[in-house]
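The structure file my_file-v7.cif is reproduced below (mmCIF, C-alpha atoms).
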data_run
#
loop_
_atom_site.label_atom_id
_atom_site.label_comp_id
_atom_site.auth_asym_id
_atom_site.auth_seq_id
_atom_site.Cartn_x
_atom_site.Cartn_y
_atom_site.Cartn_z
CA MET A 733 4.22 -15.83 -6.16
CA SER A 734 6.00 -18.20 -8.51
CA SER A 735 7.56 -16.82 -11.65
CA ILE A 736 5.28 -18.89 -13.87
CA SER A 737 2.16 -17.53 -12.23
CA GLY A 738 3.69 -14.04 -12.30
CA LEU A 739 4.40 -14.32 -16.00
CA VAL A 740 0.89 -15.67 -16.63
CA ALA A 741 -0.60 -12.75 -14.66
CA VAL A 742 1.34 -10.22 -16.73
CA LEU A 743 0.39 -11.91 -20.00
CA LEU A 744 -3.28 -12.08 -18.96
CA THR A 745 -3.20 -8.37 -18.14
CA VAL A 746 -1.83 -7.61 -21.59
CA LEU A 747 -4.39 -9.87 -23.26
CA GLN A 748 -7.24 -8.31 -21.27
CA TRP A 749 -6.05 -4.89 -22.32
CA ALA A 750 -6.00 -5.98 -25.95
CA GLY A 751 -9.41 -7.66 -25.48
CA ARG A 752 -11.00 -4.29 -24.76
CA GLY A 753 -10.56 -3.41 -28.41
CA LEU A 754 -7.34 -1.50 -27.84
CA PRO A 755 -4.53 -2.46 -30.17
CA SER A 756 -1.63 -4.06 -28.36
CA PRO A 757 1.45 -1.88 -28.80
CA VAL A 758 3.76 -4.90 -28.93
CA ARG A 759 3.61 -8.67 -28.95
CA PRO A 760 2.70 -9.80 -25.41
CA ILE A 761 6.09 -11.44 -24.90
CA CYS A 762 7.76 -8.14 -25.93
CA ASP A 763 5.72 -6.15 -23.43
CA PRO A 764 8.21 -4.55 -21.03
CA ARG A 765 5.97 -5.48 -18.10
CA VAL A 766 7.06 -9.11 -18.49
CA LEU A 767 10.70 -8.24 -17.87
CA ASP A 768 9.65 -5.69 -15.24
CA ARG A 769 8.07 -8.56 -13.32
CA PHE A 770 11.31 -10.56 -13.38
CA ILE A 771 13.27 -7.49 -12.29
CA MET A 772 10.82 -6.80 -9.46
CA GLU A 773 11.11 -10.38 -8.20
CA ALA A 774 14.92 -10.25 -8.38
CA ARG A 775 14.92 -6.94 -6.50
CA ASP A 776 12.49 -8.34 -3.91
CA THR A 777 14.79 -11.32 -3.35
CA GLU A 778 17.75 -8.97 -3.02
CA THR A 779 15.86 -6.87 -0.46
CA ALA A 780 14.54 -9.89 1.47
CA LEU A 781 17.97 -11.47 1.80
CA ARG A 782 19.94 -8.28 2.43
CA GLY A 783 19.49 -8.73 6.17
CA CYS A 784 20.27 -12.43 6.06
CA LYS A 785 22.87 -13.06 8.77
CA ALA A 786 26.24 -13.90 7.28
CA GLY A 787 24.66 -14.48 3.88
CA CYS A 788 22.42 -17.25 5.21
CA GLY A 789 25.40 -19.54 5.46
CA VAL A 790 26.50 -18.97 1.86
CA THR A 791 30.25 -19.04 1.44
CA GLY A 792 32.52 -18.96 -1.54
CA THR A 793 32.89 -16.83 -4.61
CA PHE A 794 30.71 -16.70 -7.68
CA VAL A 795 31.58 -15.75 -11.24
CA VAL A 796 29.10 -13.24 -12.63
CA PRO A 797 28.91 -11.24 -15.84
CA LEU A 798 29.83 -7.59 -15.96
CA THR A 799 26.76 -5.39 -15.97
CA ASN A 800 28.18 -2.19 -17.40
CA VAL A 801 27.09 -1.31 -20.93
CA ASP A 802 29.36 0.52 -23.36
CA PHE A 803 26.87 1.91 -25.88
CA VAL A 804 29.59 2.55 -28.48
CA VAL A 805 30.54 -1.13 -28.37
CA LEU A 806 26.88 -2.20 -28.15
CA GLU A 807 26.08 -0.44 -31.43
CA THR A 808 28.70 -2.58 -33.20
CA LYS A 809 27.20 -5.86 -31.97
CA ASP A 810 24.43 -7.66 -33.80
CA THR A 811 21.53 -9.28 -32.00
CA GLU A 812 23.22 -12.71 -31.94
CA GLU A 813 26.33 -11.30 -30.26
CA GLN A 814 24.21 -9.51 -27.68
CA ALA A 815 22.17 -12.69 -27.17
CA LEU A 816 25.33 -14.72 -26.59
CA GLU A 817 26.44 -12.24 -23.93
CA VAL A 818 23.02 -12.32 -22.22
CA GLN A 819 22.68 -16.10 -22.42
CA SER A 820 26.20 -16.59 -21.06
CA GLY A 821 25.34 -14.24 -18.19
CA LEU A 822 22.09 -16.05 -17.48
CA PHE A 823 24.03 -19.33 -17.44
CA LEU A 824 26.49 -17.90 -14.90
CA PHE A 825 23.65 -16.69 -12.67
CA SER A 826 21.91 -20.05 -12.92
CA GLN A 827 25.12 -21.81 -11.86
CA ALA A 828 25.74 -19.39 -8.99
CA LEU A 829 22.15 -19.55 -7.73
CA GLY A 830 22.28 -23.35 -7.94
CA ALA A 831 25.39 -23.33 -5.73
CA VAL A 832 23.69 -20.95 -3.30
CA ARG A 833 20.63 -23.18 -3.12
CA GLU A 834 22.75 -26.20 -2.27
CA SER A 835 24.49 -24.37 0.57
CA VAL A 836 21.46 -22.93 2.39
CA SER A 837 19.22 -24.81 4.75
CA ARG A 838 16.35 -22.35 5.28
CA ALA A 839 13.31 -23.27 3.19
CA ALA A 840 12.30 -19.63 2.68
CA VAL A 841 15.71 -18.78 1.19
CA LYS A 842 15.61 -21.86 -1.04
CA SER A 843 12.19 -20.82 -2.28
CA LEU A 844 13.41 -17.34 -3.21
CA ILE A 845 16.44 -18.79 -4.98
CA ASP A 846 14.27 -21.34 -6.81
CA ASN A 847 12.00 -18.53 -8.00
CA ASN A 848 14.96 -16.62 -9.44
CA LYS A 849 16.32 -19.75 -11.13
CA SER A 850 12.88 -20.33 -12.63
CA ASN A 851 12.84 -16.74 -13.90
CA ILE A 852 16.20 -17.29 -15.58
CA HIS A 853 14.77 -20.37 -17.30
CA SER A 854 11.71 -18.34 -18.35
CA LEU A 855 13.95 -15.63 -19.81
CA GLY A 856 15.62 -18.32 -21.92
CA GLN A 857 12.17 -19.28 -23.20
CA VAL A 858 11.40 -15.63 -23.96
CA LEU A 859 14.59 -15.39 -26.01
CA ARG A 860 13.65 -18.53 -27.93
CA SER A 861 10.11 -17.23 -28.56
CA LEU A 862 11.60 -14.08 -30.07
CA HIS A 863 13.57 -16.26 -32.48
CA ILE A 864 16.85 -15.26 -30.94
CA LYS A 865 19.21 -18.10 -31.67
CA ASP A 866 19.52 -20.44 -28.68
CA LEU A 867 23.16 -20.39 -27.74
CA SER A 868 22.67 -22.13 -24.40
CA LEU A 869 24.95 -25.01 -25.36
CA SER A 870 27.86 -22.67 -25.97
CA PRO A 871 30.41 -22.41 -23.19
CA ALA A 872 30.02 -19.71 -20.59
CA PRO A 873 32.81 -17.16 -20.23
CA ALA A 874 35.79 -18.54 -18.35
CA VAL A 875 36.74 -17.38 -14.89
CA GLY A 876 38.96 -14.37 -15.33
CA ASP A 877 37.39 -13.57 -18.70
CA SER A 878 37.24 -9.82 -19.31
CA ALA A 879 33.41 -10.08 -19.42
CA THR A 880 33.15 -11.54 -15.91
CA ARG A 881 34.09 -10.80 -12.35
CA LYS A 882 33.92 -12.57 -9.00
CA VAL A 883 31.62 -11.71 -6.12
CA SER A 884 31.93 -13.12 -2.63
CA SER A 885 28.60 -12.45 -0.97
CA LEU A 886 25.00 -13.38 -1.53
CA SER A 887 23.88 -9.75 -1.41
CA GLU A 888 26.42 -8.77 -4.07
CA LEU A 889 25.40 -11.71 -6.28
CA LEU A 890 21.73 -10.70 -6.07
CA ARG A 891 22.53 -7.02 -6.71
CA VAL A 892 24.54 -7.89 -9.83
CA HIS A 893 21.74 -10.20 -10.99
CA THR A 894 19.16 -7.40 -10.68
CA ASN A 895 21.44 -4.95 -12.50
CA PHE A 896 22.07 -7.46 -15.30
CA LEU A 897 18.32 -7.83 -15.86
CA ARG A 898 17.80 -4.07 -15.79
CA GLY A 899 20.68 -3.45 -18.18
CA LYS A 900 21.82 -6.02 -20.70
CA VAL A 901 18.69 -8.18 -20.73
CA ARG A 902 16.39 -5.16 -21.12
CA LEU A 903 18.53 -3.75 -23.95
CA LEU A 904 18.52 -7.07 -25.78
CA LEU A 905 14.75 -7.49 -25.51
CA THR A 906 14.09 -3.86 -26.40
CA ASN A 907 16.24 -4.10 -29.52
CA ALA A 908 15.15 -7.61 -30.58
CA PRO A 909 13.93 -7.52 -34.19
CA ALA A 910 10.74 -9.38 -33.27
CA CYS A 911 9.87 -6.62 -30.79
CA GLN A 912 10.45 -3.69 -33.12
CA GLN A 913 7.23 -1.94 -34.05
CA ASN A 914 6.53 -1.24 -37.67
CA SER A 915 6.71 2.48 -38.25
CA THR A 916 4.69 2.28 -41.46
#
For this file, write the structure as structure tokens.
Amino acid sequence: MSSISGLVAVLLTVLQWAGRGLPSPVRPICDPRVLDRFIMEARDTETALRGCKAGCGVTGTFVVPLTNVDFVVLETKDTEEQALEVQSGLFLFSQALGAVRESVSRAAVKSLIDNNKSNIHSLGQVLRSLHIKDLSLSPAPAVGDSATRKVSSLSELLRVHTNFLRGKVRLLLTNAPACQQNST
């Protein structure tokens, strides 16, 4: 299933739920099921390609963001700083997945990679819809930057991608001001 149709299915589910007269707990785009869908598709790609012989012909190293979260440091960052970190990471994954796509010949692998690249693009749209400043034109972290590391296999790239979505992206979306519920 393509990421667009997956996102539409999740949004329709949320809208149907709200259409039954039940108040929606959050804005549809803030609903955690949207991100859960992207995480599930990333994990499915990771699982599907884990057995890919010799990485499906993928060679080289890829620069990826660190996925660990230091909550003490996180509390000192404002939403824009967190957004910059997430957007830089998404940029790195988009670049790495683009390189992977160019080096594989199997159509099924290309389709899985295309789906993940599309999801990254959709996440950028989610960030924009939440009025998180679009920092996509800012430079990505440099190779050797303390916020990045290198991976040398497709399975490791996909594992780090899944963990990034489950960690830093989820924290950013959960804490986004537009997604905070009024407690009054």
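Closest approach to A:Leu781 among A:Ser850, A:Ser843, A:Ser884, A:Ser878: A:Ser843, based on only C-alpha atoms.
You can rank A:Gly830, A:Gly783, A:Pro909, A:Pro764 by their closest distance to A:Ala815 using all atoms listed in the file, and at the top of that list sits A:Pro909.
Taking all atoms listed in the file into account, A:Leu889 lies nearest to A:Gln827 out of the set A:Gln827, A:Ser861, A:Ser820, A:Asn851.
Taking all atoms listed in the file into account, A:Lys900 lies nearest to A:Val818 out of the set A:Val790, A:Leu767, A:Cys784, A:Val818.
Using the PyMOL selection byres ((chain A and resi 801-805) around 12) on this structure selects Pro797, Leu798, Thr799, Asn800, Leu806, Glu807, Thr808, Lys809, Asp810, Glu813, Gln814, Glu817, Val818, Ala879, Asn895, Phe896, Arg898, Gly899, Lys900, Val901, Arg902, Leu903 and Leu904 of chain A.
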Expansion of the PyMOL selection byres ((chain A and resi 893) around 12) into residues, as a ChimeraX atom specification: /A:770-778,794-799,818,821-826,828-829,845,848-849,851-852,883,886-892,894-901
Between atom CA of A:His853 and atom CA of A:Thr906 - distance in Å to one decimal: 18.9 Å
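Proximity of A:Arg782, A:Gln819, A:Thr793, A:Gln912 to A:Val858, computed with only C-alpha atoms, is greatest for A:Gln819.
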Residue with smallest distance to A:Ala908 - pool A:Cys788, A:Glu812, A:Val841, A:Val766, counting all atoms listed in the file: A:Glu812
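In this model, the gap between atom CA of A:Thr811 and atom CA of A:Cys911 comes to 12.0 Å.
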